[in-house]
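Structure data (compact mmCIF, C-alpha atoms) from upload.txt:
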# COMPACT_ATOMS: atom_id res chain seq x y z
CA MET A 12 0.00 0.00 0.00
CA SER A 13 1.21 3.46 -0.82
CA GLU A 14 0.86 6.22 1.75
CA ALA A 15 -2.73 7.36 2.22
CA SER A 16 -3.64 10.48 0.25
CA PRO A 17 -4.91 13.61 2.03
CA GLN A 18 -8.35 12.83 0.58
CA ALA A 19 -8.31 9.30 1.98
CA LEU A 20 -7.24 10.56 5.43
CA ARG A 21 -9.94 13.23 5.50
CA ALA A 22 -12.68 10.95 4.16
CA GLU A 23 -11.90 8.34 6.80
CA ALA A 24 -11.83 10.97 9.55
CA LEU A 25 -15.15 12.41 8.42
CA GLU A 26 -16.66 8.94 8.22
CA ALA A 27 -15.55 8.21 11.80
CA ILE A 28 -16.99 11.50 13.09
CA LEU A 29 -20.36 10.91 11.40
CA ILE A 30 -20.55 7.32 12.67
CA GLU A 31 -19.88 8.53 16.23
CA ARG A 32 -22.69 11.05 15.85
CA GLY A 33 -25.10 8.39 14.63
CA LEU A 34 -25.40 10.04 11.18
CA LEU A 35 -23.77 7.17 9.27
CA THR A 36 -23.22 3.45 9.78
CA SER A 37 -20.59 1.07 8.46
CA ALA A 38 -23.43 -0.99 7.02
CA LYS A 39 -24.50 1.94 4.83
CA VAL A 40 -20.96 2.32 3.51
CA ASP A 41 -20.75 -1.43 2.81
CA ASP A 42 -24.09 -1.30 1.01
CA ILE A 43 -22.87 1.52 -1.27
CA VAL A 44 -19.75 -0.48 -2.13
CA GLN A 45 -21.73 -3.61 -2.90
CA ARG A 46 -24.39 -1.85 -4.97
CA TYR A 47 -22.08 0.21 -7.12
CA ASN A 48 -19.31 -2.36 -7.46
CA GLU A 49 -21.60 -5.27 -8.30
CA ARG A 50 -25.22 -4.49 -9.19
CA VAL A 51 -25.10 -1.10 -10.90
CA GLY A 52 -23.05 -1.07 -14.06
CA PRO A 53 -22.87 -1.06 -17.86
CA MET A 54 -24.43 -4.52 -18.04
CA ASN A 55 -27.77 -2.77 -17.47
CA GLY A 56 -27.32 -0.41 -20.41
CA ALA A 57 -26.08 -3.34 -22.50
CA ARG A 58 -29.36 -5.22 -21.90
CA ILE A 59 -31.31 -2.23 -23.19
CA VAL A 60 -29.11 -1.91 -26.27
CA ALA A 61 -29.28 -5.62 -27.10
CA ARG A 62 -33.05 -5.60 -26.81
CA ALA A 63 -33.32 -2.53 -29.05
CA TRP A 64 -31.28 -4.35 -31.72
CA THR A 65 -33.59 -7.36 -31.69
CA ASP A 66 -37.01 -5.87 -30.84
CA PRO A 67 -38.06 -3.15 -33.33
CA GLN A 68 -41.10 -2.15 -31.28
CA PHE A 69 -38.95 -1.65 -28.18
CA LYS A 70 -36.41 0.34 -30.19
CA LEU A 71 -39.12 2.72 -31.39
CA GLN A 72 -40.36 3.18 -27.85
CA LEU A 73 -36.80 3.66 -26.57
CA LEU A 74 -36.02 6.40 -29.08
CA ASP A 75 -39.39 8.07 -28.52
CA ASP A 76 -39.55 7.98 -24.69
CA ALA A 77 -36.64 6.15 -23.11
CA THR A 78 -37.70 6.97 -19.54
CA SER A 79 -40.93 5.00 -20.00
CA ALA A 80 -39.24 2.27 -22.04
CA ILE A 81 -36.78 1.37 -19.27
CA GLY A 82 -39.27 1.90 -16.42
CA PRO A 83 -40.28 -1.79 -16.12
CA TYR A 84 -36.63 -2.81 -15.57
CA GLU A 85 -36.56 -0.89 -12.25
CA PHE A 86 -32.79 -0.46 -12.46
CA ASP A 87 -31.09 0.49 -9.20
CA GLY A 88 -28.54 3.31 -9.05
CA GLY A 89 -30.32 6.58 -9.76
CA GLN A 90 -29.61 9.48 -12.11
CA VAL A 91 -32.19 8.58 -14.72
CA ASP A 92 -35.22 10.72 -13.83
CA LYS A 93 -35.30 11.54 -17.51
CA LEU A 94 -33.46 9.44 -20.09
CA VAL A 95 -32.93 10.19 -23.76
CA VAL A 96 -31.41 7.53 -26.04
CA VAL A 97 -29.67 8.79 -29.18
CA GLU A 98 -29.03 6.43 -32.08
CA ASN A 99 -25.80 6.08 -34.00
CA THR A 100 -26.35 5.50 -37.72
CA GLN A 101 -24.34 5.49 -40.94
CA ALA A 102 -24.88 9.28 -41.08
CA VAL A 103 -24.67 10.37 -37.42
CA HIS A 104 -22.34 9.67 -34.51
CA ASN A 105 -23.37 10.73 -30.99
CA VAL A 106 -21.12 11.31 -27.97
CA VAL A 107 -22.03 12.33 -24.40
CA VAL A 108 -20.31 14.59 -21.85
CA CYS A 109 -21.07 16.80 -18.86
CA THR A 110 -18.80 19.85 -18.99
CA LEU A 111 -20.07 21.45 -15.75
CA CYS A 112 -19.72 18.44 -13.43
CA SER A 113 -19.86 14.79 -14.47
CA CYS A 114 -23.54 13.90 -14.96
CA TYR A 115 -23.91 10.31 -16.16
CA PRO A 116 -26.73 7.71 -16.29
CA TRP A 117 -25.59 5.70 -13.24
CA ALA A 118 -28.44 3.19 -13.32
CA LEU A 119 -27.50 2.16 -16.87
CA LEU A 120 -23.72 2.58 -16.95
CA GLY A 121 -22.64 2.49 -13.30
CA LEU A 122 -20.21 5.06 -11.97
CA PRO A 123 -18.33 6.97 -14.67
CA PRO A 124 -14.77 6.12 -15.72
CA THR A 125 -12.05 8.49 -14.54
CA TRP A 126 -11.40 10.04 -17.95
CA TYR A 127 -15.09 11.04 -18.24
CA LYS A 128 -14.72 13.17 -15.10
CA ASP A 129 -11.31 14.67 -15.89
CA PRO A 130 -10.75 18.18 -17.30
CA ALA A 131 -9.22 16.97 -20.59
CA TYR A 132 -12.34 15.14 -21.78
CA ARG A 133 -14.80 17.69 -20.40
CA SER A 134 -12.99 20.66 -21.93
CA ARG A 135 -12.19 19.20 -25.33
CA ILE A 136 -15.04 16.93 -26.45
CA VAL A 137 -17.38 19.89 -26.99
CA ARG A 138 -14.82 21.77 -29.06
CA GLU A 139 -12.86 19.15 -30.98
CA PRO A 140 -14.81 15.90 -30.77
CA ARG A 141 -13.22 14.39 -33.87
CA SER A 142 -9.73 14.87 -32.42
CA VAL A 143 -10.74 13.44 -29.04
CA LEU A 144 -12.50 10.45 -30.61
CA ALA A 145 -9.39 9.78 -32.68
CA GLU A 146 -7.46 9.47 -29.38
CA PHE A 147 -9.92 6.72 -28.46
CA GLY A 148 -9.10 5.06 -31.78
CA LEU A 149 -12.25 6.18 -33.54
CA GLU A 150 -11.60 7.98 -36.84
CA LEU A 151 -14.87 9.31 -38.20
CA PRO A 152 -15.32 10.07 -41.91
CA LYS A 153 -15.81 13.79 -42.67
CA ALA A 154 -19.23 13.04 -44.13
CA LYS A 155 -20.48 11.66 -40.83
CA SER A 156 -22.21 14.24 -38.63
CA VAL A 157 -21.05 14.43 -35.00
CA GLN A 158 -23.64 15.23 -32.35
CA VAL A 159 -22.24 16.12 -28.93
CA TRP A 160 -24.65 16.00 -25.95
CA ASP A 161 -23.56 18.14 -22.99
CA SER A 162 -25.69 16.98 -20.01
CA SER A 163 -26.37 20.41 -18.53
CA ALA A 164 -29.67 19.61 -16.74
CA GLU A 165 -31.32 16.45 -15.34
CA VAL A 166 -31.71 14.73 -18.71
CA ARG A 167 -29.29 11.81 -19.02
CA TYR A 168 -28.12 10.48 -22.36
CA LEU A 169 -27.30 6.98 -23.58
CA VAL A 170 -25.92 6.23 -27.04
CA LEU A 171 -27.50 3.35 -28.94
CA PRO A 172 -24.49 1.98 -30.85
CA GLN A 173 -24.77 0.43 -34.30
CA GLN A 174 -25.10 -3.33 -34.12
CA PRO A 175 -21.77 -5.02 -34.95
CA GLU A 176 -21.47 -6.57 -38.36
CA GLY A 177 -21.75 -10.33 -38.27
CA SER A 178 -23.86 -10.39 -35.10
CA ALA A 179 -27.25 -11.01 -36.72
CA GLY A 180 -28.89 -14.12 -35.28
CA LEU A 181 -27.23 -13.91 -31.87
CA SER A 182 -29.48 -13.98 -28.81
CA GLN A 183 -30.12 -10.87 -26.71
CA ASP A 184 -27.81 -12.22 -24.00
CA GLU A 185 -25.05 -12.89 -26.51
CA LEU A 186 -25.49 -9.44 -28.04
CA ALA A 187 -25.39 -7.76 -24.62
CA GLU A 188 -21.93 -9.28 -24.10
CA LEU A 189 -20.71 -7.32 -27.14
CA VAL A 190 -21.88 -3.91 -25.89
CA THR A 191 -19.21 -1.83 -24.15
CA ARG A 192 -19.57 1.05 -21.73
CA ASN A 193 -17.50 3.28 -24.03
CA ALA A 194 -19.78 2.56 -26.99
CA MET A 195 -22.78 3.68 -24.92
CA ILE A 196 -20.97 6.94 -24.03
CA GLY A 197 -20.12 7.28 -27.73
CA VAL A 198 -16.32 7.20 -27.67
CA GLU A 199 -16.04 3.96 -29.59
CA THR A 200 -17.94 1.84 -32.09
CA LEU A 201 -18.34 -1.90 -31.82
CA PRO A 202 -16.11 -4.10 -33.95
CA ALA A 203 -17.43 -6.70 -36.37
CA VAL A 204 -17.95 -10.18 -34.97
CA SER A 205 -15.71 -12.71 -36.66
CA GLY A 206 -16.60 -16.29 -37.41
CA MET B 20 -20.88 30.82 -11.30
CA ASP B 21 -17.90 31.62 -13.52
CA GLY B 22 -15.82 29.02 -11.72
CA ILE B 23 -13.08 26.55 -12.51
CA HIS B 24 -15.68 23.79 -13.00
CA ASP B 25 -16.98 25.41 -16.20
CA LEU B 26 -14.51 23.53 -18.39
CA GLY B 27 -16.18 23.31 -21.82
CA GLY B 28 -13.85 24.61 -24.53
CA LYS B 29 -10.91 25.41 -22.23
CA ARG B 30 -7.45 24.78 -23.70
CA GLY B 31 -4.33 23.22 -22.30
CA PHE B 32 -5.41 19.99 -20.60
CA GLY B 33 -3.66 17.74 -23.09
CA PRO B 34 -4.71 14.29 -24.28
CA VAL B 35 -7.47 12.35 -22.54
CA GLN B 36 -5.90 9.83 -20.14
CA ILE B 37 -7.93 6.85 -21.23
CA ASP B 38 -6.40 4.19 -18.98
CA ASP B 39 -8.84 2.98 -16.38
CA CYS B 40 -8.15 1.03 -13.21
CA LEU B 41 -11.22 -1.04 -13.93
CA PRO B 42 -11.91 -3.38 -16.83
CA ASP B 43 -14.09 -1.94 -19.53
CA ASN B 44 -17.45 -3.39 -18.68
CA ARG B 45 -17.12 -2.84 -14.95
CA ALA B 46 -17.72 0.30 -12.98
CA GLY B 47 -17.28 1.14 -9.34
CA PHE B 48 -14.81 2.57 -6.88
CA SER B 49 -11.05 2.50 -7.41
CA GLU B 50 -10.22 3.04 -3.74
CA PRO B 51 -12.11 2.40 -0.47
CA TRP B 52 -12.18 6.08 0.57
CA GLU B 53 -14.12 6.95 -2.60
CA ALA B 54 -17.02 4.78 -1.48
CA LYS B 55 -16.90 6.45 1.94
CA VAL B 56 -17.27 9.84 0.28
CA PHE B 57 -20.23 8.50 -1.70
CA ALA B 58 -21.86 7.14 1.47
CA ILE B 59 -21.25 10.40 3.38
CA LEU B 60 -23.05 12.31 0.62
CA ARG B 61 -26.07 10.06 1.17
CA ALA B 62 -25.96 10.91 4.89
CA LEU B 63 -25.95 14.69 4.42
CA PRO B 64 -29.72 15.25 4.07
CA GLU B 65 -30.38 13.50 7.38
CA ALA B 66 -27.63 15.58 8.98
CA GLY B 67 -29.48 18.71 7.84
CA ALA B 68 -26.60 19.78 5.60
CA LEU B 69 -28.07 19.18 2.13
CA GLN B 70 -31.49 19.80 0.60
CA ASN B 71 -31.05 19.19 -3.13
CA SER B 72 -28.53 18.14 -5.76
CA ASP B 73 -28.19 21.68 -7.14
CA GLN B 74 -26.96 22.83 -3.74
CA PHE B 75 -24.41 19.99 -3.78
CA ARG B 76 -23.18 20.84 -7.27
CA HIS B 77 -22.74 24.46 -6.23
CA ALA B 78 -20.79 23.41 -3.12
CA VAL B 79 -18.40 21.41 -5.32
CA GLU B 80 -17.98 24.41 -7.65
CA ARG B 81 -16.94 26.58 -4.70
CA ILE B 82 -13.94 24.50 -3.53
CA VAL B 83 -10.39 25.82 -3.94
CA PRO B 84 -9.89 26.07 -7.75
CA SER B 85 -6.50 24.34 -7.80
CA ALA B 86 -7.98 21.46 -5.77
CA TYR B 87 -10.83 21.19 -8.26
CA LEU B 88 -8.32 20.37 -10.98
CA THR B 89 -6.09 18.02 -8.97
CA HIS B 90 -8.11 16.17 -6.31
CA GLY B 91 -10.11 13.99 -8.70
CA TYR B 92 -13.84 13.39 -8.78
CA TYR B 93 -14.34 12.05 -5.27
CA GLY B 94 -11.80 14.55 -3.94
CA ARG B 95 -13.99 17.32 -5.36
CA TRP B 96 -17.02 15.72 -3.73
CA LEU B 97 -15.14 15.58 -0.43
CA GLY B 98 -14.43 19.32 -0.69
CA GLY B 99 -18.14 19.92 -1.33
CA LEU B 100 -19.16 17.73 1.61
CA GLU B 101 -16.77 19.50 3.96
CA THR B 102 -18.16 22.84 2.74
CA LEU B 103 -21.78 21.87 3.38
CA LEU B 104 -21.14 20.24 6.76
CA ALA B 105 -19.17 23.28 7.94
CA GLU B 106 -21.78 25.74 6.66
CA ALA B 107 -24.57 23.78 8.36
CA GLY B 108 -22.62 23.79 11.63
CA VAL B 109 -22.50 19.97 11.76
CA VAL B 110 -18.74 19.28 11.44
CA SER B 111 -16.10 22.00 11.19
CA ILE B 112 -13.01 21.90 8.98
CA ALA B 113 -10.91 22.10 12.16
CA GLN B 114 -12.57 18.96 13.54
CA ILE B 115 -11.68 17.03 10.38
CA ASP B 116 -8.13 18.46 10.47
CA GLU B 117 -7.71 17.27 14.03
CA ARG B 118 -9.16 13.83 13.49
CA SER B 119 -7.25 13.15 10.25
CA GLY B 120 -3.95 14.80 11.12
CA ASN B 121 -4.20 16.51 7.75
CA THR B 122 -4.79 20.20 7.07
CA GLU B 123 -5.23 20.15 3.29
CA SER B 124 -8.96 20.71 3.03
CA ALA B 125 -10.27 21.76 -0.39
CA ALA B 126 -13.25 23.48 1.22
CA GLN B 127 -13.65 27.21 1.69
CA PRO B 128 -16.97 27.48 3.52
CA LYS B 129 -18.72 30.83 3.78
CA ALA B 130 -18.79 32.50 7.19
CA VAL B 131 -22.39 33.51 6.52
CA PRO B 132 -23.76 30.67 4.40
CA VAL B 133 -26.85 30.67 2.22
CA ARG B 134 -29.68 28.77 3.90
CA VAL B 135 -31.49 26.36 1.59
CA PRO B 136 -34.95 25.36 2.84
CA ALA B 137 -36.00 21.73 2.85
CA SER B 138 -37.28 20.59 -0.53
CA THR B 139 -41.01 20.23 -0.82
CA ARG B 140 -41.04 17.68 -3.60
CA ARG B 141 -39.16 14.85 -5.18
CA SER B 142 -36.73 15.36 -8.01
CA GLY B 143 -37.96 14.89 -11.53
CA PRO B 144 -40.20 16.71 -13.97
CA GLN B 145 -42.90 18.87 -12.46
CA SER B 146 -46.26 18.65 -14.12
CA ASP B 147 -48.00 21.42 -12.19
CA VAL B 148 -46.41 24.31 -14.08
CA VAL B 149 -49.35 25.99 -15.74
CA GLN B 150 -47.79 28.45 -18.14
CA SER B 151 -47.09 27.18 -21.66
CA PRO B 152 -43.54 26.92 -22.96
CA ARG B 153 -42.43 30.27 -24.36
CA PHE B 154 -40.44 28.71 -27.21
CA ALA B 155 -41.46 26.13 -29.80
CA LEU B 156 -39.70 23.26 -31.55
CA GLY B 157 -37.65 24.61 -34.45
CA GLN B 158 -37.51 28.14 -33.06
CA THR B 159 -34.18 29.97 -33.07
CA ILE B 160 -33.21 31.36 -29.68
CA ARG B 161 -30.27 33.26 -28.24
CA THR B 162 -28.75 32.40 -24.87
CA LEU B 163 -28.07 35.06 -22.25
CA ARG B 164 -24.71 36.80 -22.43
CA HIS B 165 -24.45 36.91 -18.64
CA ALA B 166 -25.55 34.16 -16.29
CA SER B 167 -26.47 34.08 -12.61
CA ALA B 168 -23.70 35.08 -10.19
CA GLY B 169 -24.38 32.02 -8.02
CA HIS B 170 -25.11 28.59 -9.42
CA THR B 171 -26.12 28.19 -13.06
CA ARG B 172 -26.26 25.46 -15.70
CA LEU B 173 -25.64 27.74 -18.66
CA PRO B 174 -22.00 26.97 -19.57
CA SER B 175 -19.82 29.96 -20.42
CA TYR B 176 -18.97 28.59 -23.87
CA ALA B 177 -22.62 28.78 -24.94
CA ARG B 178 -23.52 32.26 -23.73
CA GLY B 179 -24.74 34.90 -26.16
CA CYS B 180 -25.11 32.26 -28.88
CA CYS B 181 -27.95 31.39 -31.26
CA GLY B 182 -29.29 27.85 -31.46
CA VAL B 183 -32.43 25.97 -32.42
CA VAL B 184 -34.89 24.34 -30.03
CA THR B 185 -34.86 20.62 -30.84
CA ALA B 186 -36.70 19.11 -27.84
CA LEU B 187 -38.97 20.13 -24.95
CA HIS B 188 -38.61 18.31 -21.63
CA ASP B 189 -41.44 19.52 -19.35
CA ALA B 190 -40.67 21.74 -16.36
CA TRP B 191 -37.97 21.23 -13.73
CA ALA B 192 -36.65 23.06 -10.68
CA LEU B 193 -34.42 25.93 -11.78
CA PRO B 194 -30.89 25.14 -10.52
CA ASP B 195 -29.99 28.84 -10.27
CA THR B 196 -32.56 29.44 -7.52
CA ASN B 197 -32.84 25.92 -6.10
CA ALA B 198 -29.13 25.83 -5.19
CA MET B 199 -29.24 29.26 -3.58
CA GLY B 200 -32.20 28.94 -1.22
CA LEU B 201 -34.48 30.95 -3.51
CA GLY B 202 -36.97 28.19 -4.21
CA GLU B 203 -37.49 25.66 -6.97
CA GLN B 204 -39.20 28.10 -9.37
CA PRO B 205 -39.90 25.29 -11.87
CA CYS B 206 -39.61 26.27 -15.51
CA HIS B 207 -39.56 24.66 -18.92
CA LEU B 208 -36.46 22.85 -20.11
CA TYR B 209 -35.37 22.69 -23.76
CA THR B 210 -32.70 20.93 -25.75
CA VAL B 211 -31.02 23.59 -27.88
CA THR B 212 -28.77 22.60 -30.79
CA PHE B 213 -25.87 24.85 -31.76
CA ALA B 214 -23.74 24.70 -34.90
CA SER B 215 -20.05 24.24 -34.11
CA THR B 216 -19.19 27.49 -35.93
CA GLU B 217 -21.65 29.47 -33.78
CA LEU B 218 -19.77 28.34 -30.66
CA TRP B 219 -16.18 28.13 -31.88
CA GLY B 220 -15.95 30.36 -34.95
CA PRO B 221 -15.04 29.68 -38.58
CA LEU B 222 -12.20 27.29 -37.70
CA ALA B 223 -14.48 24.96 -35.72
CA GLU B 224 -14.49 21.26 -36.60
CA PRO B 225 -16.86 20.78 -39.54
CA ASN B 226 -20.11 18.84 -39.59
CA MET B 227 -20.55 18.94 -35.82
CA SER B 228 -23.40 20.15 -33.62
CA LEU B 229 -23.62 20.59 -29.90
CA ASN B 230 -26.74 19.95 -27.85
CA LEU B 231 -27.40 21.53 -24.44
CA ASP B 232 -30.35 21.25 -22.07
CA LEU B 233 -31.24 24.82 -21.12
CA PHE B 234 -33.87 26.32 -18.84
CA GLU B 235 -36.30 28.88 -20.21
CA PRO B 236 -34.86 31.86 -18.24
CA TYR B 237 -31.52 31.33 -20.04
CA LEU B 238 -33.12 31.96 -23.45
CA THR B 239 -34.36 34.95 -25.43
CA ALA B 240 -36.15 35.06 -28.75
CA CYS B 241 -33.86 35.49 -31.75
CA GLU B 242 -35.03 36.11 -35.28
CA PRO B 243 -33.31 33.81 -37.77
CA GLY B 244 -30.59 35.60 -39.71
CA ALA B 245 -30.65 38.57 -37.31
CA ASP B 246 -27.69 40.43 -35.94
CA HIS B 247 -25.26 37.82 -34.77
CA GLU B 248 -22.76 37.97 -37.62
Reformat the file's structure so that it appears as structure tokens.
Amino acid sequence: MSEASPQALRAEALEAILIERGLLTSAKVDDIVQRYNERVGPMNGARIVARAWTDPQFKLQLLDDATSAIGPYEFDGGQVDKLVVVENTQAVHNVVVCTLCSCYPWALLGLPPTWYKDPAYRSRIVREPRSVLAEFGLELPKAKSVQVWDSSAEVRYLVLPQQPEGSAGLSQDELAELVTRNAMIGVETLPAVSG
Amino acid sequence: MDGIHDLGGKRGFGPVQIDDCLPDNRAGFSEPWEAKVFAILRALPEAGALQNSDQFRHAVERIVPSAYLTHGYYGRWLGGLETLLAEAGVVSIAQIDERSGNTESAAQPKAVPVRVPASTRRSGPQSDVVQSPRFALGQTIRTLRHASAGHTRLPSYARGCCGVVTALHDAWALPDTNAMGLGEQPCHLYTVTFASTELWGPLAEPNMSLNLDLFEPYLTACEPGADHE
């Protein structure tokens, strides 16, 4: 173990003070760890995407009113009072950011990756998205329109990636395995399935 | 607030550091203290130190600017938590200093803090706003040149710019007042789409649009083709 950071020392001290005062319990901390490390994560968003690829009626509903479409799933995790799903196509590529803090659809993607919350991504993706996406290995043709979604209110955005080539005929569960967190943020596309 | 948090379009941060501690299809906490910070945030309402998420966002914006850039996401949250607990008189910065043996707090709590009353409703869209939306789908609007001095969700890079209303999202609590103890004042929320050249000038990346969710008080009517050239 490396030496504890100032933030770690202060967080642990504050936790101890609040537990002494009866404002927090160790059980609540453990519950947070378990929920967000195990139950809340991109596998939830991946289920939605895989279903949209295989169920045209659901896809229509998802693109029209995603909040209602995902309601029956009762995903844990929060941050989806209002969800909008934006579809990647041959003509349009979508990518999501929150420049003012780090808003993110927790219930569908879990807690955000570090780069999503860092100044480099937040400052640059709204100004030079093609350059930033190239750093993720995604070179977009000039003819493809880029739509950047800056989550400045309580609406949360999820990208519906294009279905990978060669994946027709797979089951929803098999398709969900192909869907990555980064593709649902919009910083990558999904590679063709071989074989 | 024209603070360090308002990062859209700023230069100089270099390449995105894509490496993650966690495998791609996982999410979660990298270190145990991060989960503690998350859990402490959940405890703040009961401690009487937090009434709504706008107030929390504003507390994070008010931490020491250099700490905002260097303490990481949960470090920023910690600075916001320390701010709110100190301002509510629940736990002082000095008490955390003493207990932790560390004096590097990111918080700079106000001596005379804003008091935010307890929220009267749940988060989410508010259907009881009776006035109709002022702007319609397809209408061209211009954003305010100057935003609220306290909390706001109109980023600096999109102020004084013309865009087109592309979606309506019902009415929501206005962050500018909700964060500052001035009430929820629910108002209509719009997605506004801006051309890259409107925001970044003639050298902007081509074939790119930017979409922001903006509250009605941030917008004014703008005739298409009017004075903005």
Query raised in the report: Given a cut-off of 6 Å, which residues of chain A touch chain B, counting only C-alpha atoms, written out as a PyMOL selection string?
Result: chain A and resi 18-21+24+40+44+47-48+52-53+92+110-111+121-122+126+131-135+138+156-161+163-164+191-192
Query raised in the report: In Å, how far is it from atom CA of B:Pro221 to atom CA of B:Ala177?
Result: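 Straight-line distance from atom CA of B:Pro221 to atom CA of B:Ala177 works out to 15.6 Å.
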Requested in this report: Show which residues sit within 6 Å of stretch 162-170 of chain B, as a ChimeraX atom specification. Count all atoms listed in the file, and ignore same-chain residues fewer than 5 positions away.
Outcome: /B:20,77,178-180,195,237-238
Report task. May I have the residues within 7 Å of B:Gln70 as a VMD selection string, using only C-alpha atoms and disregarding those fewer than 3 positions away in the same chain? Result -> chain B and resid 64 74 135 to 138
Requested in this report: Just give me the residues with any atom within 10 Å of (-31.9, 3.9, -16.4), file coordinates, counting only C-alpha atoms, written as a PyMOL selection string.
Outcome: chain A and resi 55-56+59+77-82+84-95+116-121+167-169
Report task. Between B:Asn71, B:Pro84, B:Ala113, B:Leu187, single out the one closest to A:Leu25, counting all atoms listed in the file. Result ->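 Residue with the minimum atom-to-atom distance to A:Leu25: B:Ala113.
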Query raised in the report: So how many Å separate atom CA of B:Gln158 and atom CA of B:Thr185, to one decimal?
Result: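 Going from atom CA of B:Gln158 over to atom CA of B:Thr185, I get 8.3 Å.
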Query - Nearest-residue call for A:Pro130, choices A:Ala61, A:Ala38, A:Cys109, A:Ala145, using all atoms listed in the file - result: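 For A:Pro130, the nearest of the given residues is A:Cys109.
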Query raised in the report: What does the distance from atom CA of A:Pro124 to atom CA of A:Ile43 come to in Å, to one decimal?
Result: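 Answer for the atom CA of A:Pro124 to atom CA of A:Ile43 separation: 17.2 Å.
Residues with any atom within 9 Å of A:Asn99, counting only C-alpha atoms and excluding same-chain neighbours fewer than 4 positions away, are Val103, His104, Asn105, Val170, Leu171, Pro172, Gln173 and Gly197 of chain A.
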Query raised in the report: Looking at B:Val148, B:Thr102, B:Arg153, B:Lys129, which one is nearest to B:Asp189, with distances taken over all atoms listed in the file?
Result: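 When distances to B:Asp189 are compared using all atoms listed in the file, the smallest one comes from B:Val148.
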